[in-house]
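Engineer: My structure is stored as model23.cif, with mmCIF, C-alpha atoms and all ligand atoms; chains and numbers go by the auth columns.
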```cif
data_my_file
loop_
_atom_site.group_PDB
_atom_site.id
_atom_site.type_symbol
_atom_site.label_atom_id
_atom_site.label_comp_id
_atom_site.label_asym_id
_atom_site.label_seq_id
_atom_site.Cartn_x
_atom_site.Cartn_y
_atom_site.Cartn_z
_atom_site.B_iso_or_equiv
_atom_site.auth_seq_id
_atom_site.auth_asym_id
ATOM 1 C CA MET A 1 -34.637 22.045 74.240 0.00 11 A
ATOM 2 C CA ASN A 2 -31.211 20.331 74.183 0.00 12 A
ATOM 3 C CA ASP A 3 -28.020 22.426 74.457 0.00 13 A
ATOM 4 C CA ILE A 4 -27.134 22.295 70.765 0.00 14 A
ATOM 5 C CA ALA A 5 -30.630 23.269 69.670 0.00 15 A
ATOM 6 C CA GLN A 6 -30.598 26.028 72.274 0.00 16 A
ATOM 7 C CA ARG A 7 -27.352 27.503 70.957 0.00 17 A
ATOM 8 C CA ILE A 8 -28.685 27.435 67.394 0.00 18 A
ATOM 9 C CA HIS A 9 -31.833 29.117 68.605 0.00 19 A
ATOM 10 C CA ASP A 10 -29.806 31.837 70.359 0.00 20 A
ATOM 11 C CA ILE A 11 -27.731 32.582 67.260 0.00 21 A
ATOM 12 C CA LYS A 12 -30.810 32.716 65.026 0.00 22 A
ATOM 13 C CA ALA A 13 -32.499 35.083 67.447 0.00 23 A
ATOM 14 C CA ASN A 14 -29.672 37.542 66.756 0.00 24 A
ATOM 15 C CA LEU A 15 -29.635 37.115 62.981 0.00 25 A
ATOM 16 C CA PRO A 16 -31.436 39.338 60.501 0.00 26 A
ATOM 17 C CA GLY A 17 -34.121 37.328 58.727 0.00 27 A
ATOM 18 C CA ASN A 18 -32.252 37.176 55.426 0.00 28 A
ATOM 19 C CA VAL A 19 -29.138 35.541 56.889 0.00 29 A
ATOM 20 C CA GLU A 20 -28.888 31.771 56.665 0.00 30 A
ATOM 21 C CA LEU A 21 -27.140 29.790 59.381 0.00 31 A
ATOM 22 C CA VAL A 22 -25.037 26.803 58.323 0.00 32 A
ATOM 23 C CA ALA A 23 -24.295 24.595 61.335 0.00 33 A
ATOM 24 C CA VAL A 24 -20.763 23.319 60.719 0.00 34 A
ATOM 25 C CA SER A 25 -20.852 19.738 61.959 0.00 35 A
ATOM 26 C CA LYS A 26 -17.480 18.548 60.651 0.00 36 A
ATOM 27 C CA PHE A 27 -15.726 16.138 63.024 0.00 37 A
ATOM 28 C CA HIS A 28 -18.848 15.929 65.193 0.00 38 A
ATOM 29 C CA PRO A 29 -20.889 12.732 65.457 0.00 39 A
ATOM 30 C CA LYS A 30 -24.281 12.103 63.950 0.00 40 A
ATOM 31 C CA GLU A 31 -25.867 12.294 67.397 0.00 41 A
ATOM 32 C CA ALA A 32 -24.870 15.953 67.624 0.00 42 A
ATOM 33 C CA ILE A 33 -26.396 16.635 64.216 0.00 43 A
ATOM 34 C CA MET A 34 -29.596 14.900 65.301 0.00 44 A
ATOM 35 C CA GLU A 35 -29.826 17.144 68.355 0.00 45 A
ATOM 36 C CA ALA A 36 -29.743 20.150 66.052 0.00 46 A
ATOM 37 C CA TYR A 37 -32.195 18.444 63.715 0.00 47 A
ATOM 38 C CA GLU A 38 -34.651 17.762 66.509 0.00 48 A
ATOM 39 C CA GLY A 39 -34.569 21.475 67.289 0.00 49 A
ATOM 40 C CA GLY A 40 -35.670 22.112 63.693 0.00 50 A
ATOM 41 C CA HIS A 41 -32.339 22.902 62.045 0.00 51 A
ATOM 42 C CA ARG A 42 -31.733 21.496 58.560 0.00 52 A
ATOM 43 C CA VAL A 43 -28.598 23.089 57.071 0.00 53 A
ATOM 44 C CA PHE A 44 -25.221 21.575 57.935 0.00 54 A
ATOM 45 C CA GLY A 45 -21.671 22.120 56.726 0.00 55 A
ATOM 46 C CA GLU A 46 -18.980 19.479 56.249 0.00 56 A
ATOM 47 C CA SER A 47 -15.384 19.836 55.096 0.00 57 A
ATOM 48 C CA ARG A 48 -14.484 16.305 54.023 0.00 58 A
ATOM 49 C CA ALA A 49 -16.227 14.516 51.185 0.00 59 A
ATOM 50 C CA ASN A 50 -16.164 11.049 52.781 0.00 60 A
ATOM 51 C CA GLU A 51 -17.597 12.367 56.012 0.00 61 A
ATOM 52 C CA LEU A 52 -20.396 14.250 54.265 0.00 62 A
ATOM 53 C CA VAL A 53 -21.381 11.268 52.151 0.00 63 A
ATOM 54 C CA GLU A 54 -21.295 8.923 55.138 0.00 64 A
ATOM 55 C CA LYS A 55 -23.437 11.224 57.268 0.00 65 A
ATOM 56 C CA ALA A 56 -25.860 11.957 54.438 0.00 66 A
ATOM 57 C CA ARG A 57 -26.383 8.241 53.912 0.00 67 A
ATOM 58 C CA SER A 58 -27.599 7.611 57.438 0.00 68 A
ATOM 59 C CA LEU A 59 -29.253 10.875 58.449 0.00 69 A
ATOM 60 C CA PRO A 60 -32.658 12.266 57.370 0.00 70 A
ATOM 61 C CA ASP A 61 -33.175 13.092 53.696 0.00 71 A
ATOM 62 C CA ASP A 62 -34.387 16.626 54.251 0.00 72 A
ATOM 63 C CA ILE A 63 -31.004 17.782 55.563 0.00 73 A
ATOM 64 C CA GLU A 64 -29.271 20.256 53.270 0.00 74 A
ATOM 65 C CA TRP A 65 -25.556 19.555 53.141 0.00 75 A
ATOM 66 C CA HIS A 66 -23.095 22.312 52.367 0.00 76 A
ATOM 67 C CA PHE A 67 -19.545 21.378 51.480 0.00 77 A
ATOM 68 C CA ILE A 68 -17.137 23.967 52.881 0.00 78 A
ATOM 69 C CA GLY A 69 -13.666 22.387 52.714 0.00 79 A
ATOM 70 C CA HIS A 70 -10.970 22.068 50.116 0.00 80 A
ATOM 71 C CA LEU A 71 -12.374 19.612 47.592 0.00 81 A
ATOM 72 C CA GLN A 72 -9.881 17.271 46.005 0.00 82 A
ATOM 73 C CA THR A 73 -10.587 16.505 42.399 0.00 83 A
ATOM 74 C CA ASN A 74 -10.723 12.755 43.040 0.00 84 A
ATOM 75 C CA LYS A 75 -13.622 13.310 45.485 0.00 85 A
ATOM 76 C CA VAL A 76 -15.853 15.295 43.164 0.00 86 A
ATOM 77 C CA ARG A 77 -17.704 12.337 41.719 0.00 87 A
ATOM 78 C CA GLN A 78 -18.789 10.979 45.088 0.00 88 A
ATOM 79 C CA LEU A 79 -19.958 14.389 46.265 0.00 89 A
ATOM 80 C CA VAL A 80 -21.983 15.462 43.247 0.00 90 A
ATOM 81 C CA GLY A 81 -25.697 14.992 43.864 0.00 91 A
ATOM 82 C CA LYS A 82 -25.239 14.947 47.651 0.00 92 A
ATOM 83 C CA THR A 83 -24.901 18.661 48.352 0.00 93 A
ATOM 84 C CA SER A 84 -27.292 21.566 48.256 0.00 94 A
ATOM 85 C CA LEU A 85 -24.326 23.929 47.955 0.00 95 A
ATOM 86 C CA ILE A 86 -20.577 23.544 47.460 0.00 96 A
ATOM 87 C CA GLU A 87 -19.296 26.739 49.073 0.00 97 A
ATOM 88 C CA SER A 88 -15.620 26.213 48.473 0.00 98 A
ATOM 89 C CA VAL A 89 -14.873 26.156 44.754 0.00 99 A
ATOM 90 C CA ASP A 90 -11.297 27.386 44.811 0.00 100 A
ATOM 91 C CA SER A 91 -10.091 26.880 41.250 0.00 101 A
ATOM 92 C CA GLU A 92 -11.378 26.937 37.725 0.00 102 A
ATOM 93 C CA ARG A 93 -10.207 23.387 37.211 0.00 103 A
ATOM 94 C CA LEU A 94 -12.341 22.206 40.117 0.00 104 A
ATOM 95 C CA LEU A 95 -15.315 24.141 38.794 0.00 105 A
ATOM 96 C CA GLN A 96 -15.010 22.503 35.405 0.00 106 A
ATOM 97 C CA LEU A 97 -14.734 19.084 36.952 0.00 107 A
ATOM 98 C CA ILE A 98 -17.845 19.648 39.082 0.00 108 A
ATOM 99 C CA ASP A 99 -19.598 20.741 35.913 0.00 109 A
ATOM 100 C CA ARG A 100 -18.559 17.652 34.021 0.00 110 A
ATOM 101 C CA GLU A 101 -19.487 15.246 36.822 0.00 111 A
ATOM 102 C CA SER A 102 -22.798 16.999 37.430 0.00 112 A
ATOM 103 C CA GLU A 103 -23.755 16.741 33.802 0.00 113 A
ATOM 104 C CA ARG A 104 -22.809 13.101 33.800 0.00 114 A
ATOM 105 C CA ALA A 105 -24.964 12.508 36.890 0.00 115 A
ATOM 106 C CA GLY A 106 -27.845 14.529 35.452 0.00 116 A
ATOM 107 C CA VAL A 107 -27.908 17.099 38.252 0.00 117 A
ATOM 108 C CA VAL A 108 -27.244 20.810 38.568 0.00 118 A
ATOM 109 C CA THR A 109 -24.771 21.618 41.338 0.00 119 A
ATOM 110 C CA ARG A 110 -25.069 24.939 43.140 0.00 120 A
ATOM 111 C CA VAL A 111 -21.724 26.430 44.121 0.00 121 A
ATOM 112 C CA LEU A 112 -20.059 29.480 45.611 0.00 122 A
ATOM 113 C CA MET A 113 -16.676 30.736 44.473 0.00 123 A
ATOM 114 C CA GLN A 114 -14.196 30.868 47.334 0.00 124 A
ATOM 115 C CA VAL A 115 -12.228 34.092 47.415 0.00 125 A
ATOM 116 C CA HIS A 116 -8.916 34.532 49.134 0.00 126 A
ATOM 117 C CA VAL A 117 -8.401 37.867 50.842 0.00 127 A
ATOM 118 C CA ALA A 118 -6.935 36.855 54.223 0.00 128 A
ATOM 119 C CA ARG A 119 -3.282 37.714 54.670 0.00 129 A
ATOM 120 C CA GLU A 120 -2.202 34.252 55.803 0.00 130 A
ATOM 121 C CA GLU A 121 -3.962 30.997 56.586 0.00 131 A
ATOM 122 C CA THR A 122 -5.385 29.001 53.741 0.00 132 A
ATOM 123 C CA LYS A 123 -3.858 29.321 50.318 0.00 133 A
ATOM 124 C CA PHE A 124 -7.122 28.271 48.741 0.00 134 A
ATOM 125 C CA GLY A 125 -9.422 30.441 46.715 0.00 135 A
ATOM 126 C CA PHE A 126 -9.474 32.900 43.843 0.00 136 A
ATOM 127 C CA LEU A 127 -7.652 36.152 44.352 0.00 137 A
ATOM 128 C CA PRO A 128 -10.028 39.088 43.855 0.00 138 A
ATOM 129 C CA GLU A 129 -8.463 40.033 40.520 0.00 139 A
ATOM 130 C CA GLU A 130 -8.611 36.410 39.348 0.00 140 A
ATOM 131 C CA LEU A 131 -12.291 36.204 40.172 0.00 141 A
ATOM 132 C CA LEU A 132 -13.060 39.448 38.347 0.00 142 A
ATOM 133 C CA GLU A 133 -11.133 38.213 35.345 0.00 143 A
ATOM 134 C CA TYR A 134 -13.015 34.925 35.386 0.00 144 A
ATOM 135 C CA PHE A 135 -16.322 36.739 35.121 0.00 145 A
ATOM 136 C CA ARG A 136 -15.252 39.571 32.825 0.00 146 A
ATOM 137 C CA GLU A 137 -13.889 37.067 30.336 0.00 147 A
ATOM 138 C CA ARG A 138 -17.225 35.280 30.628 0.00 148 A
ATOM 139 C CA ARG A 139 -15.533 31.968 31.241 0.00 149 A
ATOM 140 C CA PHE A 140 -18.661 30.838 33.139 0.00 150 A
ATOM 141 C CA GLU A 141 -20.496 30.575 29.842 0.00 151 A
ATOM 142 C CA THR A 142 -19.117 27.117 29.184 0.00 152 A
ATOM 143 C CA LEU A 143 -20.745 25.708 32.325 0.00 153 A
ATOM 144 C CA ARG A 144 -23.677 23.424 31.670 0.00 154 A
ATOM 145 C CA ALA A 145 -24.537 21.819 34.991 0.00 155 A
ATOM 146 C CA VAL A 146 -23.249 24.249 37.593 0.00 156 A
ATOM 147 C CA HIS A 147 -25.045 27.259 38.982 0.00 157 A
ATOM 148 C CA ILE A 148 -22.736 29.850 40.533 0.00 158 A
ATOM 149 C CA CYS A 149 -24.769 31.372 43.374 0.00 159 A
ATOM 150 C CA GLY A 150 -22.230 33.800 44.816 0.00 160 A
ATOM 151 C CA VAL A 151 -19.019 33.868 46.818 0.00 161 A
ATOM 152 C CA MET A 152 -17.621 32.522 50.078 0.00 162 A
ATOM 153 C CA GLY A 153 -14.691 33.950 51.974 0.00 163 A
ATOM 154 C CA MET A 154 -12.854 33.970 55.268 0.00 164 A
ATOM 155 C CA ALA A 155 -11.291 36.841 57.135 0.00 165 A
ATOM 156 C CA SER A 156 -7.727 36.760 58.424 0.00 166 A
ATOM 157 C CA ASN A 157 -7.349 34.724 61.576 0.00 167 A
ATOM 158 C CA THR A 158 -6.365 37.581 63.877 0.00 168 A
ATOM 159 C CA ASP A 159 -7.503 39.487 66.959 0.00 169 A
ATOM 160 C CA ASP A 160 -7.261 42.693 64.951 0.00 170 A
ATOM 161 C CA LEU A 161 -10.955 43.330 64.396 0.00 171 A
ATOM 162 C CA ASP A 162 -10.286 46.191 61.999 0.00 172 A
ATOM 163 C CA ARG A 163 -8.387 43.746 59.816 0.00 173 A
ATOM 164 C CA VAL A 164 -11.262 41.259 60.020 0.00 174 A
ATOM 165 C CA ARG A 165 -13.772 43.935 59.093 0.00 175 A
ATOM 166 C CA ALA A 166 -11.637 45.136 56.192 0.00 176 A
ATOM 167 C CA ASP A 167 -11.390 41.573 54.871 0.00 177 A
ATOM 168 C CA PHE A 168 -15.165 41.108 54.988 0.00 178 A
ATOM 169 C CA ARG A 169 -15.643 44.451 53.315 0.00 179 A
ATOM 170 C CA GLU A 170 -13.309 43.401 50.525 0.00 180 A
ATOM 171 C CA ILE A 171 -15.204 40.129 50.003 0.00 181 A
ATOM 172 C CA TYR A 172 -18.538 41.926 50.013 0.00 182 A
ATOM 173 C CA THR A 173 -17.362 44.599 47.578 0.00 183 A
ATOM 174 C CA LEU A 174 -16.084 41.939 45.209 0.00 184 A
ATOM 175 C CA PHE A 175 -19.392 40.098 45.444 0.00 185 A
ATOM 176 C CA ARG A 176 -21.343 43.280 44.651 0.00 186 A
ATOM 177 C CA THR A 177 -19.047 44.187 41.787 0.00 187 A
ATOM 178 C CA VAL A 178 -19.860 40.901 40.076 0.00 188 A
ATOM 179 C CA ALA A 179 -23.515 40.730 41.129 0.00 189 A
ATOM 180 C CA ASP A 180 -24.297 44.284 40.027 0.00 190 A
ATOM 181 C CA ASP A 181 -22.506 44.243 36.676 0.00 191 A
ATOM 182 C CA PRO A 182 -25.320 44.458 34.144 0.00 192 A
ATOM 183 C CA ALA A 183 -23.008 43.335 31.346 0.00 193 A
ATOM 184 C CA LEU A 184 -22.561 39.977 33.073 0.00 194 A
ATOM 185 C CA GLY A 185 -26.271 39.488 33.472 0.00 195 A
ATOM 186 C CA LEU A 186 -25.844 36.755 36.087 0.00 196 A
ATOM 187 C CA ARG A 187 -29.009 35.258 37.487 0.00 197 A
ATOM 188 C CA GLY A 188 -29.259 33.924 41.009 0.00 198 A
ATOM 189 C CA PHE A 189 -25.843 35.282 41.941 0.00 199 A
ATOM 190 C CA ASP A 190 -27.098 36.462 45.300 0.00 200 A
ATOM 191 C CA THR A 191 -25.224 34.807 48.154 0.00 201 A
ATOM 192 C CA VAL A 192 -22.214 36.018 50.091 0.00 202 A
ATOM 193 C CA SER A 193 -21.149 33.493 52.721 0.00 203 A
ATOM 194 C CA MET A 194 -18.880 34.928 55.379 0.00 204 A
ATOM 195 C CA GLY A 195 -18.603 34.730 59.147 0.00 205 A
ATOM 196 C CA MET A 196 -17.615 31.931 61.551 0.00 206 A
ATOM 197 C CA SER A 197 -17.885 31.416 65.319 0.00 207 A
ATOM 198 C CA GLY A 198 -15.499 34.213 66.247 0.00 208 A
ATOM 199 C CA ASP A 199 -16.405 36.841 63.695 0.00 209 A
ATOM 200 C CA TRP A 200 -19.942 36.321 62.442 0.00 210 A
ATOM 201 C CA LYS A 201 -21.376 39.474 63.969 0.00 211 A
ATOM 202 C CA ILE A 202 -18.871 41.613 62.080 0.00 212 A
ATOM 203 C CA ALA A 203 -19.556 39.611 58.919 0.00 213 A
ATOM 204 C CA VAL A 204 -23.283 40.255 59.186 0.00 214 A
ATOM 205 C CA GLU A 205 -22.654 43.964 59.717 0.00 215 A
ATOM 206 C CA GLU A 206 -20.590 43.899 56.529 0.00 216 A
ATOM 207 C CA GLY A 207 -23.353 42.325 54.461 0.00 217 A
ATOM 208 C CA SER A 208 -23.090 38.566 54.870 0.00 218 A
ATOM 209 C CA ASP A 209 -26.188 36.565 54.134 0.00 219 A
ATOM 210 C CA MET A 210 -24.817 33.147 55.091 0.00 220 A
ATOM 211 C CA ILE A 211 -22.783 32.356 58.204 0.00 221 A
ATOM 212 C CA ARG A 212 -20.988 29.093 58.959 0.00 222 A
ATOM 213 C CA ILE A 213 -20.835 28.321 62.657 0.00 223 A
ATOM 214 C CA GLY A 214 -19.236 25.219 64.164 0.00 224 A
ATOM 215 C CA THR A 215 -17.560 25.663 67.532 0.00 225 A
ATOM 216 C CA ARG A 216 -20.143 28.062 68.903 0.00 226 A
ATOM 217 C CA ILE A 217 -22.833 25.419 68.324 0.00 227 A
ATOM 218 C CA PHE A 218 -21.158 22.042 68.780 0.00 228 A
ATOM 219 C CA GLY A 219 -18.187 22.905 70.995 0.00 229 A
ATOM 220 C CA PRO A 220 -14.528 22.248 70.166 0.00 230 A
ATOM 221 C CA ARG A 221 -13.662 19.699 67.498 0.00 231 A
ATOM 222 C CA GLU A 222 -11.496 16.670 68.189 0.00 232 A
ATOM 223 C CA TYR A 223 -9.408 16.074 65.094 0.00 233 A
HETATM 224 C C1 LIG B . -14.543 24.839 60.128 0.00 301 B
HETATM 225 C C2 LIG B . -15.053 25.942 59.266 0.00 301 B
HETATM 226 C C3 LIG B . -16.022 26.841 59.758 0.00 301 B
HETATM 227 C C4 LIG B . -16.540 26.829 61.185 0.00 301 B
HETATM 228 O O1 LIG B . -15.563 27.342 62.039 0.00 301 B
HETATM 229 P P1 LIG B . -15.907 27.662 63.583 0.00 301 B
HETATM 230 O O2 LIG B . -14.844 28.604 63.976 0.00 301 B
HETATM 231 O O3 LIG B . -15.847 26.354 64.316 0.00 301 B
HETATM 232 O O4 LIG B . -17.258 28.277 63.639 0.00 301 B
HETATM 233 C C5 LIG B . -16.519 27.793 58.880 0.00 301 B
HETATM 234 N N1 LIG B . -16.084 27.872 57.601 0.00 301 B
HETATM 235 C C6 LIG B . -15.163 27.036 57.105 0.00 301 B
HETATM 236 C C7 LIG B . -14.739 27.207 55.681 0.00 301 B
HETATM 237 C C8 LIG B . -14.615 26.059 57.919 0.00 301 B
HETATM 238 O O5 LIG B . -13.673 25.246 57.408 0.00 301 B
#
```
For the structure just supplied, provide its representation as structure tokens.
Structural biologist:
Amino acid sequence: MNDIAQRIHDIKANLPGNVELVAVSKFHPKEAIMEAYEGGHRVFGESRANELVEKARSLPDDIEWHFIGHLQTNKVRQLVGKTSLIESVDSERLLQLIDRESERAGVVTRVLMQVHVAREETKFGFLPEELLEYFRERRFETLRAVHICGVMGMASNTDDLDRVRADFREIYTLFRTVADDPALGLRGFDTVSMGMSGDWKIAVEEGSDMIRIGTRIFGPREY
């Protein structure tokens, strides 16, 4: 087994069976993805629309592409139909645009709502109270070609592991609050994506069922 496939294998060996591994291949060449592919891996994450589309065009069709970056509205059209999951829907405007473009293209796009709990870092994502309001006001009912499958979030970028754990707990609690609300009656709202190279074990302990690992699999990125 090649090194990349071996590292994927090692991570999976430590994952509960219900947790999906997304191999974050952003900024890494197609050859690296093919090494993972040859080891049997099929789910990859990209953070730039152009890069995802370019890689998808020339790599095997049975790869599932997750989009995990900030999606600019002018890139939505090119991305729709190419992803198995957009994990990083960070505004209602973006959600509506994905809906409109998906309907136009005749596809249903699966998405996660990105929540912002970390103290610093990215400004992107719904605040917990905004997300609750979005669902409680049933604003999702206007969607015609988007399926909201759950939430994605990141912990604060800090060595303080208690802080990291508290952030994951907050994301998970928010996810459960929405998922378990019988009045909302959401179907297929069952995914909470959290955990990266440095913190995935804590994320899994706190209930994650999808982890997104780049560096630990492919090595450092060259931007
Ligand atoms: C880049 C990225 C990852 C992977 O980060 P690593 O630390 O390299 O594992 C995970 N999630 C998101 C949203 C990212 O942008």
Engineer: Just how far from CA of Glu143 in chain A is CA of Met164 in chain A, in Å to one decimal?
Structural biologist: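 Computing it gives 20.4 Å between the two atoms.
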Engineer: Hey, which residues come within 8 Å of ligand LIG 301 (chain B) if we count all atoms listed in the file? Could you give them as a ChimeraX atom specification?
Structural biologist: /A:34,36,55-57,78-79,98,163-164,204-208,221-227,229-231
Engineer: Take the PyMOL selection byres (((chain A and resi 77) around 12) and not hetatm), run it mentally on this structure, and tell me the resulting residues as a ChimeraX atom specification.
Structural biologist: /A:32-36,53-63,66,74-76,78-82,85-86,89-99,119-122,124,162,222
Engineer: To one decimal place, how far is CA of Val125 in chain A from CA of Leu137 in chain A in Å?
Structural biologist: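 So the answer is 5.9 Å.
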Engineer: Which residue out of A:Arg146, A:Arg52, A:His19, A:Lys65 has the minimum interatomic distance to Pro39 in chain A when only C-alpha atoms are used?
Structural biologist: A:Lys65
Engineer: Taking only C-alpha atoms into account, which of A:Asp209, A:Arg197, A:Leu142, A:Leu153 comes nearest Thr168 in chain A?
Structural biologist: A:Asp209
Engineer: Of the residues A:Ala213, A:Leu184, A:Met44, A:Leu69, which is the one nearest to Leu171 in chain A, using all atoms listed in the file?
Structural biologist: A:Ala213
Engineer: Which residues fall under the PyMOL selection byres (((chain A and resi 165) around 8) and not hetatm) in this file, as a list in words?
Structural biologist: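 Answer for the PyMOL selection byres (((chain A and resi 165) around 8) and not hetatm): Val127, Ala128, Gly163, Met164, Ser166, Asn167, Arg173, Val174, Arg175, Asp177, Phe178 and Gly205 of chain A.
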Engineer: Please report the interatomic distance between CA of Val202 in chain A and CA of Tyr182 in chain A in Å with one decimal.
Structural biologist: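 Spanning CA of Val202 in chain A to CA of Tyr182 in chain A is a straight-line distance of 7.0 Å.
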Engineer: Just need the box for range 108-125 of chain A, edges along x, y and z, holding every atom the file lists for it with 5 Å tacked onto each side, so centre and edge lengths in Å to one decimal, as JSON.
Structural biologist:
```
{"center_x": -20.1, "center_y": 23.3, "center_z": 40.6, "size_x": 25.7, "size_y": 31.6, "size_z": 23.6}
```
Engineer: Just say which residues the PyMOL selection byres (((chain A and resi 29) around 12) and not hetatm) picks in this file, as a list in words.
Structural biologist: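 For this structure, the PyMOL selection byres (((chain A and resi 29) around 12) and not hetatm) captures Ile21, Lys22, Ala23, Asn24, Leu25, Pro26, Gly27, Asn28, Glu30, Leu31, Val32, Asp200, Thr201, Val202, Ser203, Met204, Gly205, Trp210, Lys211, Ala213, Val214, Glu215, Glu216, Gly217, Ser218, Asp219, Met220, Ile221 and Arg222 of chain A.
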Engineer: For a quick check of understanding, using only C-alpha atoms, which of A:Ile73, A:Ala46, A:Val161, A:Ala15 has the smallest distance to Phe199 in chain A?
Structural biologist: A:Val161
Engineer: Taking all atoms listed in the file into account, name the residue in A:Phe150, A:Gly49, A:Phe228, A:Arg179 that is nearest to Gly195 in chain A.
Structural biologist: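 Looking at the shortest contact to Gly195 in chain A, the residue is A:Phe150.
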Engineer: Leaving out range 106-110 of chain A and any residue of its chain fewer than 3 positions from it, which residues lie within 6 Å of it when counting all atoms listed in the file, given as a short mmCIF file (atom, residue, chain, number, x, y, z; two decimals) with C-alpha atoms, keeping the file's coordinate frame?
Structural biologist:
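Saved result, around.cif, follows:
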```cif
data_model
loop_
_atom_site.label_atom_id
_atom_site.label_comp_id
_atom_site.auth_asym_id
_atom_site.auth_seq_id
_atom_site.Cartn_x
_atom_site.Cartn_y
_atom_site.Cartn_z
CA ARG A 103 -10.21 23.39 37.21
CA GLU A 113 -23.76 16.74 33.80
CA ALA A 155 -24.54 21.82 34.99
CA VAL A 156 -23.25 24.25 37.59
#
```
Engineer: Of the residues A:Ala176, A:Met123, A:Ala189, A:Ala42, which is the one nearest to Asp100 in chain A, using only C-alpha atoms?
Structural biologist: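 Looking at the shortest contact to Asp100 in chain A, the residue is A:Met123.
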Engineer: Kindly output range 32-43 of chain A as a PDB file, in the frame of the given file, after building N, CA, C and O atoms.
Structural biologist:
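Contents of result_20.pdb, as written:
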```
ATOM      1  N   VAL A  32     -25.525  28.145  58.621  1.00  0.00           N
ATOM      2  CA  VAL A  32     -25.037  26.803  58.323  1.00  0.00           C
ATOM      3  C   VAL A  32     -24.365  26.283  59.594  1.00  0.00           C
ATOM      4  O   VAL A  32     -23.409  26.887  60.086  1.00  0.00           O
ATOM      5  N   ALA A  33     -24.882  25.192  60.132  1.00  0.00           N
ATOM      6  CA  ALA A  33     -24.295  24.595  61.335  1.00  0.00           C
ATOM      7  C   ALA A  33     -23.157  23.673  60.897  1.00  0.00           C
ATOM      8  O   ALA A  33     -23.394  22.646  60.257  1.00  0.00           O
ATOM      9  N   VAL A  34     -21.925  24.060  61.219  1.00  0.00           N
ATOM     10  CA  VAL A  34     -20.763  23.319  60.719  1.00  0.00           C
ATOM     11  C   VAL A  34     -20.496  22.121  61.639  1.00  0.00           C
ATOM     12  O   VAL A  34     -19.983  22.264  62.751  1.00  0.00           O
ATOM     13  N   SER A  35     -20.858  20.951  61.141  1.00  0.00           N
ATOM     14  CA  SER A  35     -20.852  19.738  61.959  1.00  0.00           C
ATOM     15  C   SER A  35     -19.630  18.861  61.721  1.00  0.00           C
ATOM     16  O   SER A  35     -19.550  17.739  62.244  1.00  0.00           O
ATOM     17  N   LYS A  36     -18.674  19.346  60.957  1.00  0.00           N
ATOM     18  CA  LYS A  36     -17.480  18.548  60.651  1.00  0.00           C
ATOM     19  C   LYS A  36     -16.815  18.051  61.937  1.00  0.00           C
ATOM     20  O   LYS A  36     -16.723  18.791  62.926  1.00  0.00           O
ATOM     21  N   PHE A  37     -16.403  16.789  61.893  1.00  0.00           N
ATOM     22  CA  PHE A  37     -15.726  16.138  63.024  1.00  0.00           C
ATOM     23  C   PHE A  37     -16.638  15.885  64.223  1.00  0.00           C
ATOM     24  O   PHE A  37     -16.196  15.381  65.247  1.00  0.00           O
ATOM     25  N   HIS A  38     -17.912  16.233  64.107  1.00  0.00           N
ATOM     26  CA  HIS A  38     -18.848  15.929  65.193  1.00  0.00           C
ATOM     27  C   HIS A  38     -19.727  14.745  64.782  1.00  0.00           C
ATOM     28  O   HIS A  38     -20.039  14.566  63.616  1.00  0.00           O
ATOM     29  N   PRO A  39     -20.143  13.962  65.775  1.00  0.00           N
ATOM     30  CA  PRO A  39     -20.889  12.732  65.457  1.00  0.00           C
ATOM     31  C   PRO A  39     -22.322  13.006  65.015  1.00  0.00           C
ATOM     32  O   PRO A  39     -22.856  14.094  65.213  1.00  0.00           O
ATOM     33  N   LYS A  40     -22.906  11.987  64.447  1.00  0.00           N
ATOM     34  CA  LYS A  40     -24.281  12.103  63.950  1.00  0.00           C
ATOM     35  C   LYS A  40     -25.254  12.468  65.071  1.00  0.00           C
ATOM     36  O   LYS A  40     -26.248  13.159  64.835  1.00  0.00           O
ATOM     37  N   GLU A  41     -24.965  12.002  66.272  1.00  0.00           N
ATOM     38  CA  GLU A  41     -25.867  12.294  67.397  1.00  0.00           C
ATOM     39  C   GLU A  41     -25.976  13.806  67.617  1.00  0.00           C
ATOM     40  O   GLU A  41     -27.047  14.321  67.938  1.00  0.00           O
ATOM     41  N   ALA A  42     -24.854  14.495  67.437  1.00  0.00           N
ATOM     42  CA  ALA A  42     -24.870  15.953  67.624  1.00  0.00           C
ATOM     43  C   ALA A  42     -25.723  16.611  66.537  1.00  0.00           C
ATOM     44  O   ALA A  42     -26.483  17.551  66.799  1.00  0.00           O
ATOM     45  N   ILE A  43     -25.584  16.099  65.315  1.00  0.00           N
ATOM     46  CA  ILE A  43     -26.396  16.635  64.216  1.00  0.00           C
ATOM     47  C   ILE A  43     -27.878  16.392  64.504  1.00  0.00           C
ATOM     48  O   ILE A  43     -28.722  17.270  64.298  1.00  0.00           O
TER      49      ILE A  43
END
```
